[in-house]
Amino acid sequence: MNQAQFLLGFLLAVAISLLSYAARSLSLSGAVTAVVLGTVVFGLGGLGPAVLLIGFFVSASLLSRVFRNRKRNLAEKFSKGDRRDWEQVLANGGIAGLFVLLSLAFREPWTYLALAGTLAAVNADTWATELGVLNPTPPRLVTTGKPVERGTSGAISLVGTLAALAGALFIAILAVIFWPGNELVTAGRVLMRLFAISLAGLLGSLVDSLLGATIQAIYTCPSCQKETERHPRHTCGAETVLKRGWHWMNNDWVNGVCALVGALVAGAFALALPQPLGLFATLEGGPPMVEIHLSSPAFADGETIPVRFTCDGENLSPALNWSGIPTGARSLALIVEDPDAPLGTFVHWVIYNMMPNLSGLPQGVPTEAVVKNIGLQGSSGFRKPGYGGPCPPSGKPHRYYFTLYALDLDPRLPPGLNANELKKMMKGHILGQGQWMGKYGRK
């Protein structure tokens with residue numbers, strides 16, 4: 001764990017929670033819970049998860065304020081007011097916090113997609129609730145299709161459903177913009193991610209409505225003769241009586257299930273469709289790329305990188321071997337990245353304009369911009385050419401991905417490219433790709 005990032009996450013969570021409490025968007029218990037949850041998401045998750053959680057909370061709070069007057073007449077139906085307490089904060093963001101912890105344990109791309117799915121679901125449900133009141137006609141119960149009063153649990157409308165889709169898409173767009181890593185991304189992959197997250201959010205919202213119409217605890221007020229989620233007392237002060245549903249299945253539990261469904265649907269997409277959502281890209285408008293067999297005699301795939309190849313040792317580049325370069329390749333490029341760096345993916349090596357007949361790189365490639373009989377070395381995260389070994393802060397070991405690309409580009413790319421510039425030039429020209437990963441950490 002990076003201590004500086006964790007402290008910054010804690011301070012950001014405190015600041016946002018205090019402002020929300022002052023703005024009456026959170027109760028005291030909600031603010032305390034938001035500090036804990038925000039510290040986990042901001043401090044451990046990093047920039048992407050932080051942006052998604054803030055995007056959800058800010059948009060939900062703004063909509064709640066903008067349409068407060070329209071909902072005032074419906075307040076008696078809802079179980080709680082506009083100020084979110086600890087249960088509401090946990091119901092909406094607890095699953096997201098869980099997937100941040102899972103991402104630290106598994107370090108797999110599907111955890112981020114699942115996190116985006118859960119926040120898309122709760123955002124979709126919130127937007128549907130806040131904007132659904134604008135529907136010109138009464139909503140209909142999701143199970144029967146019969147018209148019901150506005151604010152009825154399990155009711156849906158055209159405006160509400162479109163608002164749910166918009167809320168999910170909003171989170172999906174943020175997730176794609178702040179996607180972790182520094183990979184080469186095609187338009188097809190972006191569209192697939194937008195689709196997966198938006199669908200996860202919309203389905204989560206619909207499940208919320210289905211539960212609201214079936215097993216959510218709904219009460220009646222014997223004094224007002226009105227249906228409500230409030231218990232044990234209605235806004236008039238009278239004790240409410242269970243009308244239908246499970247007595248423990250209140251709106252917070254329903255929201256929690258909604259959040260979980262969003263995560264599961266998005267995660268299922270990541271596992272079922274590894275090609276468009278996983279580590280390997282496809283040629284835009286073309287067939288899947290050829291997998292190059294990349295390896296290193298210095299360390300096994302997924303194992304610890306020896307100290308001599310790090311900043312704690314001789315800082316030598318490890319030897320690499322490869323085979324299976326696809327026919328038609330005109331040049332090769334290699335990028336080494338650490339996706340676990342505190343401030344986002346850190347680049348340790350950029351080398352390109354290598355001839356396709358090369359079968360590997362020797363140990364200790366000179367740290368010069370031009371390496372005879374090999375190619376050009378671009379600018380790394382250390383702002384200089386050549387290999388810079390692993391040099392992580394103390395804590396959990398970081399992963400270092402050595403990724404080799406076979407290109408249909410002539411070996412005439414300009415000197416001094418960094419990883420982002422090289423990836424832009426490679427886009428649409430990658431014929432094959434291979435990867436080898438090593439780990440290194442400090443206590």
# chains A, B, ... in the order shown; residues from 1 in each chain; ligands from 1
$ select_by_dssp --residues "range 67-235 of chain A" --states "helix (DSSP H, G or I)" --output "JSON, numbers by chain"
{"A": [68, 69, 70, 71, 72, 73, 74, 86, 87, 88, 89, 90, 91, 92, 93, 94, 95, 96, 97, 98, 99, 100, 101, 102, 103, 104, 105, 106, 109, 110, 111, 112, 113, 114, 115, 116, 117, 118, 119, 120, 121, 122, 123, 124, 125, 126, 127, 128, 129, 130, 131, 132, 133, 134, 158, 159, 160, 161, 162, 163, 164, 165, 166, 167, 168, 169, 170, 171, 172, 173, 174, 175, 176, 177, 187, 188, 189, 190, 191, 192, 193, 194, 195, 196, 197, 198, 199, 200, 201, 202, 203, 204, 205, 206, 207, 208, 209, 210, 211, 212, 213, 214]}
$ closest_residue --among "A:Ile374, A:Met355, A:Glu368, A:Phe309" --to "Gly388 in chain A" --atoms "only C-alpha atoms"
A:Phe309
$ residues_around --residues "Ile54 in chain A" --least-positions-apart "4" --cutoff "12 Å" --atoms "only C-alpha atoms" --output "number ranges by chain"
A: 12-13, 16-17, 20, 34, 37-38, 41-42, 47-50, 58-62, 93, 96, 119, 123, 171, 174-175
$ write_last_selection --atoms "N, CA and C atoms" --output "short mmCIF file (atom, residue, chain, number, x, y, z; two decimals), in the first residue's frame"
data_model
loop_
_atom_site.label_atom_id
_atom_site.label_comp_id
_atom_site.auth_asym_id
_atom_site.auth_seq_id
_atom_site.Cartn_x
_atom_site.Cartn_y
_atom_site.Cartn_z
N LEU A 12 -9.05 13.54 1.19
CA LEU A 12 -10.09 13.84 0.20
C LEU A 12 -11.45 13.36 0.68
N ALA A 13 -11.49 12.16 1.27
CA ALA A 13 -12.75 11.62 1.78
C ALA A 13 -13.31 12.48 2.90
N ILE A 16 -14.70 15.86 1.32
CA ILE A 16 -15.97 15.69 0.62
C ILE A 16 -17.10 15.39 1.61
N SER A 17 -16.81 14.58 2.61
CA SER A 17 -17.84 14.22 3.60
C SER A 17 -18.26 15.43 4.42
N SER A 20 -20.39 17.66 2.25
CA SER A 20 -21.71 17.04 2.05
C SER A 20 -22.56 17.14 3.30
N ALA A 34 -19.06 7.67 5.03
CA ALA A 34 -18.48 8.13 3.76
C ALA A 34 -16.98 8.35 3.89
N LEU A 37 -15.53 4.74 3.73
CA LEU A 37 -15.68 4.20 2.38
C LEU A 37 -14.81 4.98 1.39
N GLY A 38 -14.80 6.30 1.51
CA GLY A 38 -14.00 7.12 0.62
C GLY A 38 -12.51 6.85 0.77
N VAL A 41 -11.83 3.63 -1.15
CA VAL A 41 -11.92 3.79 -2.61
C VAL A 41 -10.85 4.74 -3.13
N PHE A 42 -10.69 5.90 -2.48
CA PHE A 42 -9.71 6.88 -2.95
C PHE A 42 -8.28 6.45 -2.62
N LEU A 47 -7.07 6.73 -8.83
CA LEU A 47 -7.80 7.78 -9.54
C LEU A 47 -9.11 7.29 -10.15
N GLY A 48 -9.07 6.16 -10.90
CA GLY A 48 -10.27 5.70 -11.59
C GLY A 48 -11.44 5.46 -10.66
N PRO A 49 -11.33 4.59 -9.65
CA PRO A 49 -12.43 4.37 -8.71
C PRO A 49 -12.86 5.64 -8.00
N ALA A 50 -11.91 6.51 -7.66
CA ALA A 50 -12.25 7.75 -6.98
C ALA A 50 -13.15 8.61 -7.85
N VAL A 58 -21.81 13.14 -6.55
CA VAL A 58 -22.08 14.53 -6.93
C VAL A 58 -23.33 14.62 -7.80
N SER A 59 -23.45 13.75 -8.81
CA SER A 59 -24.62 13.81 -9.68
C SER A 59 -25.90 13.48 -8.92
N ALA A 60 -25.82 12.49 -8.02
CA ALA A 60 -27.00 12.13 -7.24
C ALA A 60 -27.42 13.26 -6.31
N SER A 61 -26.46 13.90 -5.68
CA SER A 61 -26.77 15.00 -4.76
C SER A 61 -27.36 16.20 -5.51
N LEU A 62 -26.80 16.51 -6.68
CA LEU A 62 -27.31 17.64 -7.46
C LEU A 62 -28.74 17.39 -7.93
N GLY A 93 -22.52 2.37 -1.89
CA GLY A 93 -21.10 2.33 -2.19
C GLY A 93 -20.33 1.18 -1.60
N ALA A 96 -18.83 -1.25 -4.12
CA ALA A 96 -17.69 -0.64 -4.80
C ALA A 96 -16.43 -0.75 -3.94
N LEU A 119 -21.34 0.89 -9.55
CA LEU A 119 -21.65 2.32 -9.44
C LEU A 119 -22.57 2.78 -10.56
N ASN A 123 -26.15 4.51 -9.68
CA ASN A 123 -26.37 5.81 -10.31
C ASN A 123 -27.60 5.77 -11.21
N ILE A 171 -21.63 6.97 -15.84
CA ILE A 171 -20.57 6.27 -15.12
C ILE A 171 -19.69 5.50 -16.10
N LEU A 174 -17.16 7.84 -17.68
CA LEU A 174 -16.09 8.15 -16.73
C LEU A 174 -15.14 6.96 -16.58
N ALA A 175 -15.71 5.75 -16.55
CA ALA A 175 -14.89 4.55 -16.38
C ALA A 175 -13.94 4.36 -17.55
#
$ residues_around --residues "Val241 in chain A" --least-positions-apart "3" --cutoff "10 Å" --atoms "only C-alpha atoms" --output "PyMOL selection string"
chain A and resi 218-222+227-228+230-234+238+244
$ residues_around --residues "Leu113 in chain A" --least-positions-apart "2" --cutoff "10 Å" --atoms "only C-alpha atoms" --output "PyMOL selection string"
chain A and resi 99+108-111+115-118+172+175-176+179+193+196-197+200+262-270+277
$ write_last_selection --atoms "N, CA and C atoms" --output "PDB file, in the first residue's frame"
ATOM      1  N   PHE A  99     -15.022  -4.248  -4.115  1.00  0.00           N
ATOM      2  CA  PHE A  99     -14.282  -4.575  -5.339  1.00  0.00           C
ATOM      3  C   PHE A  99     -12.945  -3.846  -5.412  1.00  0.00           C
ATOM      4  N   GLU A 108      -6.746  -7.998 -11.198  1.00  0.00           N
ATOM      5  CA  GLU A 108      -7.256  -8.399 -12.500  1.00  0.00           C
ATOM      6  C   GLU A 108      -8.137  -7.293 -13.066  1.00  0.00           C
ATOM      7  N   PRO A 109      -8.153  -7.117 -14.410  1.00  0.00           N
ATOM      8  CA  PRO A 109      -8.957  -6.042 -15.020  1.00  0.00           C
ATOM      9  C   PRO A 109     -10.448  -6.163 -14.732  1.00  0.00           C
ATOM     10  N   TRP A 110     -10.959  -7.406 -14.531  1.00  0.00           N
ATOM     11  CA  TRP A 110     -12.401  -7.559 -14.328  1.00  0.00           C
ATOM     12  C   TRP A 110     -12.886  -6.878 -13.056  1.00  0.00           C
ATOM     13  N   THR A 111     -11.997  -6.692 -12.063  1.00  0.00           N
ATOM     14  CA  THR A 111     -12.432  -6.057 -10.823  1.00  0.00           C
ATOM     15  C   THR A 111     -12.807  -4.594 -11.045  1.00  0.00           C
ATOM     16  N   LEU A 115     -16.464  -2.940 -10.556  1.00  0.00           N
ATOM     17  CA  LEU A 115     -16.637  -1.736  -9.750  1.00  0.00           C
ATOM     18  C   LEU A 115     -17.415  -0.677 -10.533  1.00  0.00           C
ATOM     19  N   ALA A 116     -17.079  -0.524 -11.809  1.00  0.00           N
ATOM     20  CA  ALA A 116     -17.814   0.423 -12.645  1.00  0.00           C
ATOM     21  C   ALA A 116     -19.269  -0.006 -12.781  1.00  0.00           C
ATOM     22  N   GLY A 117     -19.506  -1.321 -12.888  1.00  0.00           N
ATOM     23  CA  GLY A 117     -20.868  -1.827 -13.017  1.00  0.00           C
ATOM     24  C   GLY A 117     -21.717  -1.545 -11.797  1.00  0.00           C
ATOM     25  N   THR A 118     -21.139  -1.707 -10.608  1.00  0.00           N
ATOM     26  CA  THR A 118     -21.925  -1.479  -9.393  1.00  0.00           C
ATOM     27  C   THR A 118     -22.287  -0.004  -9.237  1.00  0.00           C
ATOM     28  N   ALA A 172     -20.294   4.910 -17.132  1.00  0.00           N
ATOM     29  CA  ALA A 172     -19.519   4.154 -18.126  1.00  0.00           C
ATOM     30  C   ALA A 172     -18.517   5.058 -18.836  1.00  0.00           C
ATOM     31  N   ALA A 175     -15.715   5.754 -16.549  1.00  0.00           N
ATOM     32  CA  ALA A 175     -14.886   4.549 -16.382  1.00  0.00           C
ATOM     33  C   ALA A 175     -13.945   4.357 -17.554  1.00  0.00           C
ATOM     34  N   VAL A 176     -14.424   4.612 -18.755  1.00  0.00           N
ATOM     35  CA  VAL A 176     -13.588   4.454 -19.945  1.00  0.00           C
ATOM     36  C   VAL A 176     -12.497   5.520 -19.999  1.00  0.00           C
ATOM     37  N   TRP A 179      -9.859   4.667 -17.337  1.00  0.00           N
ATOM     38  CA  TRP A 179      -9.522   3.244 -17.274  1.00  0.00           C
ATOM     39  C   TRP A 179      -8.073   3.069 -16.831  1.00  0.00           C
ATOM     40  N   ARG A 193     -16.898  -1.750 -23.775  1.00  0.00           N
ATOM     41  CA  ARG A 193     -16.889  -1.400 -22.354  1.00  0.00           C
ATOM     42  C   ARG A 193     -18.072  -0.485 -22.004  1.00  0.00           C
ATOM     43  N   ALA A 196     -21.125  -2.734 -21.920  1.00  0.00           N
ATOM     44  CA  ALA A 196     -21.165  -3.642 -20.771  1.00  0.00           C
ATOM     45  C   ALA A 196     -21.528  -2.905 -19.492  1.00  0.00           C
ATOM     46  N   ILE A 197     -20.904  -1.776 -19.241  1.00  0.00           N
ATOM     47  CA  ILE A 197     -21.167  -1.028 -18.005  1.00  0.00           C
ATOM     48  C   ILE A 197     -22.562  -0.430 -18.011  1.00  0.00           C
ATOM     49  N   ALA A 200     -25.073  -3.206 -17.466  1.00  0.00           N
ATOM     50  CA  ALA A 200     -25.026  -3.630 -16.065  1.00  0.00           C
ATOM     51  C   ALA A 200     -25.786  -2.651 -15.180  1.00  0.00           C
ATOM     52  N   GLY A 262     -25.323  -5.041 -10.584  1.00  0.00           N
ATOM     53  CA  GLY A 262     -24.509  -4.285 -11.531  1.00  0.00           C
ATOM     54  C   GLY A 262     -23.087  -4.798 -11.599  1.00  0.00           C
ATOM     55  N   ALA A 263     -22.514  -5.121 -10.433  1.00  0.00           N
ATOM     56  CA  ALA A 263     -21.142  -5.642 -10.395  1.00  0.00           C
ATOM     57  C   ALA A 263     -21.055  -7.006 -11.056  1.00  0.00           C
ATOM     58  N   LEU A 264     -22.029  -7.893 -10.784  1.00  0.00           N
ATOM     59  CA  LEU A 264     -21.992  -9.249 -11.326  1.00  0.00           C
ATOM     60  C   LEU A 264     -22.172  -9.254 -12.842  1.00  0.00           C
ATOM     61  N   VAL A 265     -23.066  -8.414 -13.346  1.00  0.00           N
ATOM     62  CA  VAL A 265     -23.294  -8.366 -14.791  1.00  0.00           C
ATOM     63  C   VAL A 265     -22.041  -7.854 -15.509  1.00  0.00           C
ATOM     64  N   ALA A 266     -21.462  -6.778 -14.995  1.00  0.00           N
ATOM     65  CA  ALA A 266     -20.253  -6.237 -15.624  1.00  0.00           C
ATOM     66  C   ALA A 266     -19.095  -7.220 -15.517  1.00  0.00           C
ATOM     67  N   GLY A 267     -18.947  -7.852 -14.350  1.00  0.00           N
ATOM     68  CA  GLY A 267     -17.891  -8.834 -14.191  1.00  0.00           C
ATOM     69  C   GLY A 267     -18.059 -10.019 -15.117  1.00  0.00           C
ATOM     70  N   ALA A 268     -19.308 -10.434 -15.342  1.00  0.00           N
ATOM     71  CA  ALA A 268     -19.585 -11.546 -16.251  1.00  0.00           C
ATOM     72  C   ALA A 268     -19.163 -11.205 -17.671  1.00  0.00           C
ATOM     73  N   PHE A 269     -19.373  -9.943 -18.067  1.00  0.00           N
ATOM     74  CA  PHE A 269     -18.922  -9.518 -19.397  1.00  0.00           C
ATOM     75  C   PHE A 269     -17.409  -9.651 -19.517  1.00  0.00           C
ATOM     76  N   ALA A 270     -16.705  -9.237 -18.473  1.00  0.00           N
ATOM     77  CA  ALA A 270     -15.244  -9.280 -18.517  1.00  0.00           C
ATOM     78  C   ALA A 270     -14.732 -10.704 -18.649  1.00  0.00           C
ATOM     79  N   LEU A 277     -12.325  -7.194 -23.904  1.00  0.00           N
ATOM     80  CA  LEU A 277     -12.223  -6.504 -22.633  1.00  0.00           C
ATOM     81  C   LEU A 277     -10.931  -6.808 -21.890  1.00  0.00           C
TER      82      LEU A 277
END
$ residues_around --residues "range 128-133 of chain A" --least-positions-apart "2" --cutoff "12 Å" --atoms "only C-alpha atoms" --output "count of residues only"
59
$ atom_distance --atom1 "CA of Val148 in chain A" --atom2 "CA of Met249 in chain A"
21.2 Å
$ select_by_dssp --residues "range 94-303 of chain A" --states "strand (DSSP E)" --output "ChimeraX atom specification"
/A:140-141,155-156,218-221,226-228,241-244,290-291,293-295
$ write_last_selection --atoms "N, CA and C atoms" --output "PDB file, in the first residue's frame"
ATOM      1  N   ARG A 140     -46.028   2.852 -14.239  1.00  0.00           N
ATOM      2  CA  ARG A 140     -46.702   1.556 -14.198  1.00  0.00           C
ATOM      3  C   ARG A 140     -45.870   0.571 -13.380  1.00  0.00           C
ATOM      4  N   LEU A 141     -46.566  -0.299 -12.685  1.00  0.00           N
ATOM      5  CA  LEU A 141     -45.885  -1.299 -11.884  1.00  0.00           C
ATOM      6  C   LEU A 141     -45.151  -2.259 -12.805  1.00  0.00           C
ATOM      7  N   ALA A 155     -42.440   0.929  -9.426  1.00  0.00           N
ATOM      8  CA  ALA A 155     -43.046   1.593 -10.581  1.00  0.00           C
ATOM      9  C   ALA A 155     -41.962   2.056 -11.548  1.00  0.00           C
ATOM     10  N   ILE A 156     -42.249   1.946 -12.834  1.00  0.00           N
ATOM     11  CA  ILE A 156     -41.311   2.415 -13.861  1.00  0.00           C
ATOM     12  C   ILE A 156     -42.054   3.291 -14.853  1.00  0.00           C
ATOM     13  N   ILE A 218     -43.336  -3.112   2.247  1.00  0.00           N
ATOM     14  CA  ILE A 218     -44.195  -1.957   2.002  1.00  0.00           C
ATOM     15  C   ILE A 218     -45.271  -1.934   3.098  1.00  0.00           C
ATOM     16  N   TYR A 219     -45.508  -0.752   3.642  1.00  0.00           N
ATOM     17  CA  TYR A 219     -46.432  -0.601   4.763  1.00  0.00           C
ATOM     18  C   TYR A 219     -47.603   0.298   4.371  1.00  0.00           C
ATOM     19  N   THR A 220     -48.601   0.309   5.226  1.00  0.00           N
ATOM     20  CA  THR A 220     -49.711   1.247   5.073  1.00  0.00           C
ATOM     21  C   THR A 220     -49.877   2.022   6.372  1.00  0.00           C
ATOM     22  N   CYS A 221     -50.334   3.248   6.232  1.00  0.00           N
ATOM     23  CA  CYS A 221     -50.614   4.080   7.396  1.00  0.00           C
ATOM     24  C   CYS A 221     -52.115   3.984   7.691  1.00  0.00           C
ATOM     25  N   LYS A 226     -52.476   5.459   3.415  1.00  0.00           N
ATOM     26  CA  LYS A 226     -51.550   5.584   2.294  1.00  0.00           C
ATOM     27  C   LYS A 226     -50.448   4.548   2.389  1.00  0.00           C
ATOM     28  N   GLU A 227     -49.964   4.135   1.209  1.00  0.00           N
ATOM     29  CA  GLU A 227     -48.866   3.167   1.139  1.00  0.00           C
ATOM     30  C   GLU A 227     -47.543   3.894   1.329  1.00  0.00           C
ATOM     31  N   THR A 228     -46.628   3.258   2.046  1.00  0.00           N
ATOM     32  CA  THR A 228     -45.363   3.917   2.344  1.00  0.00           C
ATOM     33  C   THR A 228     -44.258   2.892   2.609  1.00  0.00           C
ATOM     34  N   VAL A 241     -48.273  -0.405   9.230  1.00  0.00           N
ATOM     35  CA  VAL A 241     -48.548  -1.843   9.265  1.00  0.00           C
ATOM     36  C   VAL A 241     -48.043  -2.476   7.974  1.00  0.00           C
ATOM     37  N   LEU A 242     -47.346  -3.610   8.102  1.00  0.00           N
ATOM     38  CA  LEU A 242     -46.808  -4.294   6.921  1.00  0.00           C
ATOM     39  C   LEU A 242     -47.951  -4.713   5.990  1.00  0.00           C
ATOM     40  N   LYS A 243     -47.823  -4.316   4.721  1.00  0.00           N
ATOM     41  CA  LYS A 243     -48.834  -4.657   3.728  1.00  0.00           C
ATOM     42  C   LYS A 243     -48.379  -5.831   2.873  1.00  0.00           C
ATOM     43  N   ARG A 244     -47.113  -5.811   2.448  1.00  0.00           N
ATOM     44  CA  ARG A 244     -46.572  -6.894   1.632  1.00  0.00           C
ATOM     45  C   ARG A 244     -45.050  -6.877   1.721  1.00  0.00           C
ATOM     46  N   VAL A 290      -2.117 -12.143 -33.628  1.00  0.00           N
ATOM     47  CA  VAL A 290      -1.341 -13.356 -33.385  1.00  0.00           C
ATOM     48  C   VAL A 290      -0.664 -13.224 -32.022  1.00  0.00           C
ATOM     49  N   GLU A 291      -0.632 -14.306 -31.269  1.00  0.00           N
ATOM     50  CA  GLU A 291       0.036 -14.270 -29.973  1.00  0.00           C
ATOM     51  C   GLU A 291       1.501 -14.656 -30.157  1.00  0.00           C
ATOM     52  N   HIS A 293       5.179 -15.598 -28.660  1.00  0.00           N
ATOM     53  CA  HIS A 293       5.689 -16.287 -27.483  1.00  0.00           C
ATOM     54  C   HIS A 293       6.898 -15.522 -26.951  1.00  0.00           C
ATOM     55  N   LEU A 294       6.678 -14.776 -25.885  1.00  0.00           N
ATOM     56  CA  LEU A 294       7.718 -13.964 -25.265  1.00  0.00           C
ATOM     57  C   LEU A 294       8.116 -14.585 -23.937  1.00  0.00           C
ATOM     58  N   SER A 295       9.419 -14.603 -23.618  1.00  0.00           N
ATOM     59  CA  SER A 295       9.885 -15.157 -22.349  1.00  0.00           C
ATOM     60  C   SER A 295      11.204 -14.509 -21.956  1.00  0.00           C
TER      61      SER A 295
END
$ residues_around --residues "Gly434 in chain A" --least-positions-apart "4" --cutoff "12 Å" --atoms "only C-alpha atoms" --output "PyMOL selection string"
chain A and resi 279-281+289-296+301+320-326+332-336+401-406+430
$ write_last_selection --atoms "C-alpha atoms" --output "PDB file, in the first residue's frame"
ATOM      1  CA  LEU A 279      -5.303  -7.509 -21.958  1.00  0.00           C
ATOM      2  CA  PHE A 280      -4.985  -8.243 -25.685  1.00  0.00           C
ATOM      3  CA  ALA A 281      -6.318  -5.898 -28.338  1.00  0.00           C
ATOM      4  CA  MET A 289      -3.881 -10.560 -33.297  1.00  0.00           C
ATOM      5  CA  VAL A 290      -1.341 -13.356 -33.385  1.00  0.00           C
ATOM      6  CA  GLU A 291       0.036 -14.270 -29.973  1.00  0.00           C
ATOM      7  CA  ILE A 292       3.823 -13.976 -29.859  1.00  0.00           C
ATOM      8  CA  HIS A 293       5.689 -16.287 -27.483  1.00  0.00           C
ATOM      9  CA  LEU A 294       7.718 -13.964 -25.265  1.00  0.00           C
ATOM     10  CA  SER A 295       9.885 -15.157 -22.349  1.00  0.00           C
ATOM     11  CA  SER A 296      12.929 -14.309 -20.267  1.00  0.00           C
ATOM     12  CA  ASP A 301       6.380 -15.538 -15.863  1.00  0.00           C
ATOM     13  CA  LEU A 320      14.317 -11.568 -23.580  1.00  0.00           C
ATOM     14  CA  ASN A 321      13.532 -14.261 -26.147  1.00  0.00           C
ATOM     15  CA  TRP A 322      10.609 -14.476 -28.537  1.00  0.00           C
ATOM     16  CA  SER A 323       9.212 -16.512 -31.389  1.00  0.00           C
ATOM     17  CA  GLY A 324       6.116 -16.609 -33.548  1.00  0.00           C
ATOM     18  CA  ILE A 325       6.479 -13.202 -35.173  1.00  0.00           C
ATOM     19  CA  PRO A 326       3.618 -13.060 -37.701  1.00  0.00           C
ATOM     20  CA  LEU A 332       8.957  -4.744 -33.514  1.00  0.00           C
ATOM     21  CA  ALA A 333       8.432  -2.603 -30.425  1.00  0.00           C
ATOM     22  CA  LEU A 334       8.696  -3.335 -26.711  1.00  0.00           C
ATOM     23  CA  ILE A 335       7.128  -1.464 -23.789  1.00  0.00           C
ATOM     24  CA  VAL A 336       7.647  -2.300 -20.100  1.00  0.00           C
ATOM     25  CA  TYR A 401       4.604  -6.210 -17.893  1.00  0.00           C
ATOM     26  CA  PHE A 402       7.029  -6.700 -20.783  1.00  0.00           C
ATOM     27  CA  THR A 403       4.872  -6.382 -23.910  1.00  0.00           C
ATOM     28  CA  LEU A 404       6.250  -7.028 -27.394  1.00  0.00           C
ATOM     29  CA  TYR A 405       4.399  -5.771 -30.473  1.00  0.00           C
ATOM     30  CA  ALA A 406       4.794  -6.922 -34.080  1.00  0.00           C
ATOM     31  CA  ILE A 430      -0.427  -4.300 -34.566  1.00  0.00           C
TER      32      ILE A 430
END
$ atom_distance --atom1 "CA of Gly441 in chain A" --atom2 "CA of Phe382 in chain A"
18.4 Å
$ atom_distance --atom1 "CA of Val100 in chain A" --atom2 "CA of Ala114 in chain A"
9.6 Å
$ closest_residue --among "A:Lys372, A:Arg383, A:Lys424, A:Lys439" --to "His398 in chain A" --atoms "only C-alpha atoms"
A:Lys439
